[in-house]
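Novice: Structure incoming, see below.
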Amino acid sequence: MTSIYKIFENLGYKHNPEVGKNSIIITVQYFTNKDGSIRWIWPTSMSKPLFLKFYNIQGWKAQCFEFIIHKLFKFNLNQKFFKTSHLSLTPKETGSIFDISNKEWALFTGTIGPNQKYIIYEENQNQNGLFTKIPISERSTTLIDHEKMVLTQLANHHLKSFVFPRIIERSKTKLTLSSFENYDQRGQTLTQEHMAVFEELEMVSSETFSFEDFRDKHHIRERLMRLENTRNKIPSGIIKKLQRLHQSLLGSHVTTHIAHKDFTPWNMYTDKTGKLYIYDWELSRALTPKGFDFFHFIIQKGILSERKSWAQMKWEILVNSTEPYLKHENIAHLLSLYLLLNVLYYLELYNNQEKWHKQIYWLLETWNEAMSDVLGSKDNSRELLLIDIFDWLSKKKYAGLKLPAIPVEKLSAYSDLDLLMDRTLASDLCTFVKAHPLVSQTKTQRGLSKTVATIVTKNDEILSIDCIHSLKRKNIEFMSVDEMIDQSYLDSEGNRRVNDLHTSEFVALFYGLNYAVVPKKFRFFPFEKYLENSFLGPLVNPKERGVFQHERLMEMMKKEKRNQGFSYLKNTVIYYVETLMKIFSQKGMIISFSGVDGAGKSTVIQHTKNEIEKKLRRKVVIIRHRPSLLPILSVWTKGKKRAEQDVANSLPRQGQNRSIFSSLFRFLYYYFDYMFGQFYVYLRYVLGGTIVLYDRYYFDFINDSLRSNITLPKWLLKNAYRFLLQPDLNYFLYADPKIILSRKNELDESSITSLTQDYLQLFGELGKKNKSQYHAIENVDLDRTLTTISEQIQTKLF
């Protein structure tokens, strides 16, 4: 933290406790930041609070602060409320930069970082003000020299839409500029006056380049590589997205002009007519993409002043982009260029900054969201979301469990993300994900041992996150989450992973306690090697790799303190509470698939089952035609084995039954199976969260009763359907008869055509009358069919 003597040393004065001939005795007051560092300094002789010239007075809090400060100075109470320091100083041999004997001045120490500089505001007897910038580092010296050049160039143009500081004095050690005497208002919203500034700056210098030429002029490739290789504190994900942004712009064109590049409400004032006085031109550059200052104004104030969400800032951008300056431009393209250039510049700056203030984290979070939003339309949303999640977690207490040795964003679409963390962090993560620009839906299940977030991106990709708070098999806790987090490590990309020993122990315990063999896919490191030196060492059997006896593991776990006494009782209560919570919080559903033989039902059902199990992580059971609490009728006469063999060897629709009484008996027999079996299916499967897939359903009795050797009026069979629980989703798959015959030659063309028309009519009628959904899909393109079904299942579940 910079001391007050160090500040005056940078002004050309050294501390001299022994008062001498050249000594300057001065009493100053100062105001500190929240971290205790000095923000403003002024002499006690100052009659009014000149340091407010450095303060952005926006919002009621800032206005209250301004009001209180003015009252303190008016009634001479400032001496009691601010810290005071009595200094004895002597000018350095090289001379002082600023004359501190003046009674009316205030000093701002600047924003901490590589660009830090001091700014002094002083007034003479006529109350004419001057600003003096004093660099305190090599980088800030370069910036102030650049501002001198920019202001000189601006003075050579007859600019009408805005005014800017005049250079009063310049030297190697300072830059003194005119003040803004008649400009005393701040503006937080973009106006026509702001747009006029953009248009006039474009007229001063405008050039168009291919992105490749533009990139080379700004050395973007080299800077990205350097940042990736030398990054210190920068999360890896935001660098990855900069690289993707760079790739997405290849082949495009860039229109450029001179820009301020720090165009924010706190770097400008307006007069009563709305005309702008714009200062702090040190970052200004030519060859800046069009729209840069426009985006910077909205985004910087949104983050640092208004604390808006990215969604709110994006809306403000879209509303204001209808102005003539941007009316015919591709806003997404311009925003991509702004983010690439601006984020790259500040990441380079922050990478070399020792201490980060909280505003840096605000900026990084919003930039991450903005880049994901821009990239989302042309990149993998799930990958971008994973990148953002790990960047968001980078400074928090967590650890990734069973993460494969690949970049985190390349996690398989069929893999879920297991993260160890406490419940508070899990809640914050769910809130972050829910507000993410690439997320369309989230479903959260909060438990005492685990919080599960299932996420659907705007591109309909699925990501499931298990936030694990304790590792248990029923009521037995088998590992300590806190210990695993404390002993985790950072990988090369800065992501925290559970160490190999704990991962090996977890894999062995998880599968062993669940009576299973460790799958080969989890042997991505020689886990027996690690286990030999752990408490599981005696159970390692080289002859049976991956096999750990359940009984011996349970015996070991029950000896642990965390599974004894009150802890065991607490774990048992939690287990039963979570079991009940699961029953009532996650219901399953029933989906039926119908279609003539050869329509592709079996293939679609199998793919749908895999999709639900692997992506949605829900249990699936397939039921053929009916609940089957009652066996097929022929079992009673032929026996189960022979009856099933006869069915397998016979073609469909070959029954010879023409008797009404026989048909009625057969129908009632199977109808009772549906009637009572539906409750069994609901209680056993649906209530427990299982997805039931019916391969054929009751609709076959209505449209294809011959298949079940039944001859009854269709109206009777159709009306009987009213008394059954209807599946949530119903699909009729069909195709051109020639395509069906090429797949399976079991029906003739006329039968296929007739059945297809009957099903289409039935599904059309049922779809109008019922809450359940009835969809007819022409199953010609399997991928398209599966995508349609998958999206509708996701929508129904969420």
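Please note that chains go A, B, ... in the order of the structure tokens, that every chain numbers its residues from 1, and that ligands are numbered from 1 in the order shown.
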For region 378-387 of chain A, please output as a list in words all residues within 9 Å (counting only C-alpha atoms; exclusion window: fewer than 5 positions along the same chain).
Specialist: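 In the requested form, the answer reads Ser236, Gly237, Ile238, Lys240, Lys241, Arg244, Ser248, Ser372, Asp373, Trp392, Val408, Glu409, Lys410, Leu411, Ala413, Val433, His436, Leu438, Val439, Val456, Thr457, Lys458, Asn459, Asp460, Glu461, Ile462 and Leu463 of chain A.
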Novice: Could you go through region 41-255 of chain A and tell me which residues DSSP, when run on the backbone, assigns to alpha helix (DSSP H), listing them as a ChimeraX atom specification?
Specialist: /A:59-74,78-81,138-155,192-204,211-217,220-230,236-248
Novice: List as a ChimeraX atom specification the protein and nucleic acid residues near Ser309 (chain A), meaning an atom at most 8 Å away when only C-alpha atoms are counted, but skip any in the same chain fewer than 5 places from it.
Specialist: /A:302-303,366
Novice: Can you write out the residues you just picked, keeping C-alpha atoms, as a short mmCIF file (atom, residue, chain, number, x, y, z; two decimals), in the first residue's frame?
Specialist:
```cif
data_model
loop_
_atom_site.label_atom_id
_atom_site.label_comp_id
_atom_site.auth_asym_id
_atom_site.auth_seq_id
_atom_site.Cartn_x
_atom_site.Cartn_y
_atom_site.Cartn_z
CA GLY A 302 -23.50 -1.38 -17.20
CA ILE A 303 -20.83 -3.37 -15.36
CA THR A 366 -19.69 -10.11 -18.08
#
```
Novice: Neighbours of Leu629 (chain A) within 12 Å (only C-alpha atoms; same-chain residues fewer than 5 positions away dropped), as a ChimeraX atom specification?
Specialist: /A:623-624,669-681
Novice: Could you give me, as CSV, every region 301-374 of chain A residue with an atom at most 12 Å from region 19-40 of chain A, plus its closest atom pair and distance in Å to one decimal, counting only C-alpha atoms, rows ordered by chain then number?
Specialist:
```
residue,atom,partner,partner_atom,distance
A:Lys355,CA,A:Asp35,CA,11.5
A:Trp356,CA,A:Asp35,CA,11.7
A:His357,CA,A:Asp35,CA,9.5
A:Lys358,CA,A:Asp35,CA,11.2
```
Novice: Give the answer as one residue: which of A:Ile317, A:Leu130, A:Val254, A:Leu175 has the shortest atom-to-atom distance to Lys148 (chain A), using only C-alpha atoms?
Specialist: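 Closest candidate: A:Leu175.
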Novice: Using only C-alpha atoms, which residues sit within 8 Å of region 690-700 of chain A once same-chain residues fewer than 3 positions away are excluded, as a CSV table (one decimal) with N, CA, C and O atoms, in the first residue's frame?
Specialist:
```csv
chain,number,residue,atom,x,y,z
A,587,LYS,N,-41.0,-37.3,-11.2
A,587,LYS,CA,-41.9,-38.3,-11.8
A,587,LYS,C,-41.3,-38.7,-13.2
A,587,LYS,O,-40.7,-37.9,-13.9
A,588,GLY,N,-41.7,-39.9,-13.6
A,588,GLY,CA,-41.3,-40.3,-15.0
A,588,GLY,C,-42.4,-40.0,-15.9
A,588,GLY,O,-43.3,-39.1,-15.6
A,589,MET,N,-42.5,-40.7,-17.0
A,589,MET,CA,-43.6,-40.5,-18.0
A,589,MET,C,-43.7,-41.7,-18.9
A,589,MET,O,-42.7,-42.5,-18.9
A,590,ILE,N,-44.8,-41.8,-19.6
A,590,ILE,CA,-45.0,-42.9,-20.5
A,590,ILE,C,-45.0,-42.4,-22.0
A,590,ILE,O,-45.6,-41.4,-22.3
A,591,ILE,N,-44.3,-43.1,-22.8
A,591,ILE,CA,-44.2,-42.7,-24.2
A,591,ILE,C,-44.5,-44.0,-25.1
A,591,ILE,O,-44.0,-45.0,-24.8
A,592,SER,N,-45.4,-43.8,-26.0
A,592,SER,CA,-45.8,-44.9,-26.9
A,592,SER,C,-45.3,-44.7,-28.3
A,592,SER,O,-45.2,-43.6,-28.8
A,593,PHE,N,-44.9,-45.8,-28.9
A,593,PHE,CA,-44.5,-45.8,-30.3
A,593,PHE,C,-45.4,-46.8,-31.1
A,593,PHE,O,-45.5,-48.0,-30.8
A,594,SER,N,-46.0,-46.3,-32.2
A,594,SER,CA,-46.8,-47.1,-33.0
A,594,SER,C,-46.4,-47.1,-34.5
A,594,SER,O,-45.6,-46.1,-34.8
A,595,GLY,N,-46.8,-48.0,-35.3
A,595,GLY,CA,-46.4,-48.0,-36.7
A,595,GLY,C,-46.5,-49.4,-37.2
A,595,GLY,O,-46.4,-50.4,-36.5
A,601,LYS,N,-39.8,-48.7,-35.8
A,601,LYS,CA,-40.1,-48.5,-34.4
A,601,LYS,C,-38.9,-49.0,-33.5
A,601,LYS,O,-38.4,-48.3,-32.6
A,602,SER,N,-38.5,-50.2,-33.8
A,602,SER,CA,-37.5,-50.8,-32.9
A,602,SER,C,-36.2,-50.0,-32.9
A,602,SER,O,-35.6,-49.8,-31.8
A,605,ILE,N,-36.9,-46.7,-31.0
A,605,ILE,CA,-37.0,-46.9,-29.6
A,605,ILE,C,-35.7,-47.2,-28.9
A,605,ILE,O,-35.4,-46.6,-27.8
A,609,LYS,N,-34.1,-44.8,-26.1
A,609,LYS,CA,-33.7,-45.3,-24.8
A,609,LYS,C,-32.3,-44.9,-24.4
A,609,LYS,O,-32.0,-44.4,-23.3
A,618,ARG,N,-31.9,-40.7,-17.0
A,618,ARG,CA,-33.1,-41.2,-16.4
A,618,ARG,C,-33.3,-42.7,-16.7
A,618,ARG,O,-32.9,-43.2,-17.8
A,619,LYS,N,-33.8,-43.5,-15.8
A,619,LYS,CA,-34.0,-44.9,-16.0
A,619,LYS,C,-35.1,-45.1,-17.1
A,619,LYS,O,-36.0,-44.4,-17.1
A,620,VAL,N,-34.9,-46.1,-17.9
A,620,VAL,CA,-35.8,-46.4,-19.0
A,620,VAL,C,-36.2,-47.9,-19.0
A,620,VAL,O,-35.3,-48.8,-18.8
A,621,VAL,N,-37.5,-48.2,-19.2
A,621,VAL,CA,-37.9,-49.6,-19.3
A,621,VAL,C,-38.8,-49.7,-20.6
A,621,VAL,O,-39.6,-48.8,-20.9
A,622,ILE,N,-38.6,-50.7,-21.3
A,622,ILE,CA,-39.4,-50.9,-22.6
A,622,ILE,C,-40.4,-52.0,-22.3
A,622,ILE,O,-40.1,-53.1,-21.8
A,623,ILE,N,-41.7,-51.7,-22.7
A,623,ILE,CA,-42.8,-52.7,-22.5
A,623,ILE,C,-43.4,-52.9,-23.9
A,623,ILE,O,-43.6,-52.0,-24.6
A,624,ARG,N,-43.6,-54.2,-24.2
A,624,ARG,CA,-44.1,-54.6,-25.5
A,624,ARG,C,-45.6,-54.6,-25.5
A,624,ARG,O,-46.2,-55.4,-24.7
A,625,HIS,N,-46.2,-53.7,-26.2
A,625,HIS,CA,-47.7,-53.7,-26.5
A,625,HIS,C,-48.6,-53.4,-25.3
A,625,HIS,O,-49.5,-52.5,-25.3
A,626,ARG,N,-48.4,-54.1,-24.1
A,626,ARG,CA,-49.3,-54.0,-23.0
A,626,ARG,C,-48.5,-54.3,-21.7
A,626,ARG,O,-47.4,-54.8,-21.7
A,685,TYR,N,-43.0,-47.7,-11.9
A,685,TYR,CA,-42.0,-47.0,-12.7
A,685,TYR,C,-42.2,-45.5,-12.7
A,685,TYR,O,-41.3,-44.8,-12.3
A,686,VAL,N,-43.3,-45.0,-13.1
A,686,VAL,CA,-43.5,-43.6,-13.3
A,686,VAL,C,-43.3,-42.8,-12.1
A,686,VAL,O,-42.6,-41.8,-12.0
A,687,LEU,N,-43.9,-43.3,-11.0
A,687,LEU,CA,-43.8,-42.5,-9.7
A,687,LEU,C,-42.3,-42.5,-9.2
A,687,LEU,O,-42.0,-41.6,-8.5
A,703,ASN,N,-57.0,-49.9,-34.5
A,703,ASN,CA,-56.7,-49.8,-36.0
A,703,ASN,C,-56.3,-51.1,-36.6
A,703,ASN,O,-56.4,-51.3,-37.8
A,704,ASP,N,-55.8,-52.0,-35.8
A,704,ASP,CA,-55.2,-53.3,-36.3
A,704,ASP,C,-55.6,-54.4,-35.4
A,704,ASP,O,-54.7,-55.2,-35.0
A,705,SER,N,-56.9,-54.5,-35.1
A,705,SER,CA,-57.3,-55.6,-34.1
A,705,SER,C,-57.1,-57.0,-34.7
A,705,SER,O,-56.9,-57.9,-33.9
A,707,ARG,N,-54.5,-58.1,-35.8
A,707,ARG,CA,-53.2,-58.5,-35.3
A,707,ARG,C,-53.3,-59.3,-34.0
A,707,ARG,O,-52.5,-60.2,-33.7
A,721,TYR,N,-60.9,-46.8,-24.9
A,721,TYR,CA,-59.6,-46.1,-24.7
A,721,TYR,C,-59.8,-44.9,-23.7
A,721,TYR,O,-58.9,-44.6,-23.0
```
Novice: Write out as a PDB file with N, CA, C and O atoms, in the first residue's frame all residues of region 657-694 of chain A that backbone DSSP assigns to strand (DSSP E).
Specialist:
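Contents of the output file out-v8.pdb:
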```
ATOM      1  N   ILE A 691     -38.722 -43.633 -17.133  1.00  0.00           N
ATOM      2  CA  ILE A 691     -39.401 -43.354 -18.403  1.00  0.00           C
ATOM      3  C   ILE A 691     -39.800 -44.695 -19.017  1.00  0.00           C
ATOM      4  O   ILE A 691     -38.953 -45.563 -19.230  1.00  0.00           O
ATOM      5  N   VAL A 692     -41.079 -44.851 -19.285  1.00  0.00           N
ATOM      6  CA  VAL A 692     -41.599 -46.099 -19.852  1.00  0.00           C
ATOM      7  C   VAL A 692     -41.811 -45.905 -21.356  1.00  0.00           C
ATOM      8  O   VAL A 692     -42.509 -44.974 -21.775  1.00  0.00           O
ATOM      9  N   LEU A 693     -41.215 -46.778 -22.154  1.00  0.00           N
ATOM     10  CA  LEU A 693     -41.381 -46.749 -23.606  1.00  0.00           C
ATOM     11  C   LEU A 693     -42.216 -47.959 -24.030  1.00  0.00           C
ATOM     12  O   LEU A 693     -41.819 -49.110 -23.797  1.00  0.00           O
ATOM     13  N   TYR A 694     -43.367 -47.696 -24.607  1.00  0.00           N
ATOM     14  CA  TYR A 694     -44.214 -48.773 -25.119  1.00  0.00           C
ATOM     15  C   TYR A 694     -43.892 -49.010 -26.588  1.00  0.00           C
ATOM     16  O   TYR A 694     -43.995 -48.113 -27.415  1.00  0.00           O
TER      17      TYR A 694
END
```
Novice: State, in Å with one decimal place, the distance from CA of Phe732 (chain A) to CA of Ala776 (chain A).
Specialist: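 If I compute the distance from CA of Phe732 (chain A) to CA of Ala776 (chain A), I get 4.7 Å.
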Novice: As an exercise, work out the distance from CA of Asp213 (chain A) to CA of Ile239 (chain A) in Å and give it to one decimal place.
Specialist: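 The value is 21.6 Å.
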Novice: Find the residues of region 154-256 of chain A that sit at most 12 Å from region 105-128 of chain A; for each, write down the nearest two atoms and how far apart they are in Å, to one decimal. Count only C-alpha atoms. Sort by chain, then by number going up, and give it as a Markdown table.
Specialist:
```
| residue | atom | partner | partner_atom | distance |
| --- | --- | --- | --- | --- |
| A:Thr173 | CA | A:Lys117 | CA | 11.1 |
| A:Lys174 | CA | A:Ile119 | CA | 9.6 |
| A:Leu175 | CA | A:Ile119 | CA | 9.6 |
| A:Thr176 | CA | A:Ile120 | CA | 9.1 |
| A:Leu177 | CA | A:Tyr121 | CA | 9.7 |
| A:Ser178 | CA | A:Asn128 | CA | 8.8 |
| A:Ser179 | CA | A:Asn128 | CA | 7.7 |
| A:Phe180 | CA | A:Asn128 | CA | 9.5 |
| A:Glu181 | CA | A:Asn128 | CA | 7.5 |
| A:Asn182 | CA | A:Asn128 | CA | 11.0 |
```
Novice: Could you save the residues just selected, with N, CA and C atoms, as a compact mmCIF listing (two decimals), in the first residue's frame?
Specialist:
```
# COMPACT_ATOMS: atom_id res chain seq x y z
N THR A 173 7.45 15.16 -17.49
CA THR A 173 6.96 14.71 -16.18
C THR A 173 5.48 14.99 -15.95
N LYS A 174 4.84 15.78 -16.83
CA LYS A 174 3.43 16.09 -16.59
C LYS A 174 2.77 16.61 -17.85
N LEU A 175 1.43 16.62 -17.78
CA LEU A 175 0.62 17.19 -18.85
C LEU A 175 -0.50 17.98 -18.18
N THR A 176 -0.52 19.31 -18.43
CA THR A 176 -1.54 20.17 -17.82
C THR A 176 -2.55 20.55 -18.89
N LEU A 177 -3.84 20.36 -18.53
CA LEU A 177 -4.92 20.55 -19.49
C LEU A 177 -5.96 21.52 -18.94
N SER A 178 -6.71 22.14 -19.86
CA SER A 178 -7.78 23.03 -19.45
C SER A 178 -8.91 22.24 -18.81
N SER A 179 -9.73 22.92 -18.01
CA SER A 179 -10.84 22.28 -17.33
C SER A 179 -12.13 22.45 -18.12
N PHE A 180 -13.24 22.02 -17.54
CA PHE A 180 -14.55 22.02 -18.19
C PHE A 180 -15.47 22.99 -17.44
N GLU A 181 -15.19 24.27 -17.56
CA GLU A 181 -15.86 25.27 -16.73
C GLU A 181 -17.38 25.28 -16.89
N ASN A 182 -17.87 25.19 -18.11
CA ASN A 182 -19.30 25.30 -18.34
C ASN A 182 -19.98 23.95 -18.52
```
Novice: Counting only C-alpha atoms, figure out which residue out of A:Asp491, A:Glu483, A:Glu477, A:Asp99 gets nearest to Asn563 (chain A).
Specialist: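 Closest candidate: A:Glu477.
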Novice: I need the residue nearest Leu224 (chain A) from this list: A:Val197, A:Ala435, A:Leu340, A:Leu429. Use only C-alpha atoms for the distance.
Specialist: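 Residue with the minimum atom-to-atom distance to Leu224 (chain A): A:Leu340.
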Novice: Give me the residues near region 733-747 of chain A as a VMD selection string, where near means some atom within 6 Å (using only C-alpha atoms) and where sequence neighbours in that chain fewer than 5 positions away do not count.
Specialist: chain A and resid 595 598 to 599 777 to 779
Novice: Please write the residues from the selection above to a file, keeping N, CA, C and O atoms, as a PDB file, in the first residue's frame.
Specialist:
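New file again39.pdb:
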```pdb
ATOM      1  N   GLY A 595     -46.794 -48.011 -35.267  1.00  0.00           N
ATOM      2  CA  GLY A 595     -46.418 -48.016 -36.678  1.00  0.00           C
ATOM      3  C   GLY A 595     -46.493 -49.415 -37.233  1.00  0.00           C
ATOM      4  O   GLY A 595     -46.378 -50.397 -36.495  1.00  0.00           O
ATOM      5  N   GLY A 598     -41.914 -52.473 -40.134  1.00  0.00           N
ATOM      6  CA  GLY A 598     -41.026 -51.903 -41.136  1.00  0.00           C
ATOM      7  C   GLY A 598     -40.954 -50.385 -41.070  1.00  0.00           C
ATOM      8  O   GLY A 598     -40.178 -49.758 -41.814  1.00  0.00           O
ATOM      9  N   ALA A 599     -41.754 -49.778 -40.167  1.00  0.00           N
ATOM     10  CA  ALA A 599     -41.737 -48.307 -40.035  1.00  0.00           C
ATOM     11  C   ALA A 599     -40.516 -47.816 -39.264  1.00  0.00           C
ATOM     12  O   ALA A 599     -40.242 -46.616 -39.237  1.00  0.00           O
ATOM     13  N   ILE A 777     -44.923 -38.934 -37.344  1.00  0.00           N
ATOM     14  CA  ILE A 777     -43.627 -38.565 -37.895  1.00  0.00           C
ATOM     15  C   ILE A 777     -43.300 -39.466 -39.081  1.00  0.00           C
ATOM     16  O   ILE A 777     -43.298 -40.703 -38.956  1.00  0.00           O
ATOM     17  N   GLU A 778     -43.009 -38.840 -40.209  1.00  0.00           N
ATOM     18  CA  GLU A 778     -42.566 -39.612 -41.369  1.00  0.00           C
ATOM     19  C   GLU A 778     -41.107 -40.007 -41.144  1.00  0.00           C
ATOM     20  O   GLU A 778     -40.200 -39.171 -41.189  1.00  0.00           O
ATOM     21  N   ASN A 779     -40.887 -41.272 -40.868  1.00  0.00           N
ATOM     22  CA  ASN A 779     -39.569 -41.759 -40.468  1.00  0.00           C
ATOM     23  C   ASN A 779     -38.743 -42.163 -41.688  1.00  0.00           C
ATOM     24  O   ASN A 779     -38.567 -43.343 -41.988  1.00  0.00           O
TER      25      ASN A 779
END
```
Novice: Pick out the residues sitting within 9 Å of Arg446 (chain A), and hand them over as a list in words; count only C-alpha atoms, and ignore anything fewer than 6 positions along from it in its own chain.
Specialist: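 Neighbouring residues, sequence-local ones excluded: Arg423, Ser427, Val452 and Ala453 of chain A.
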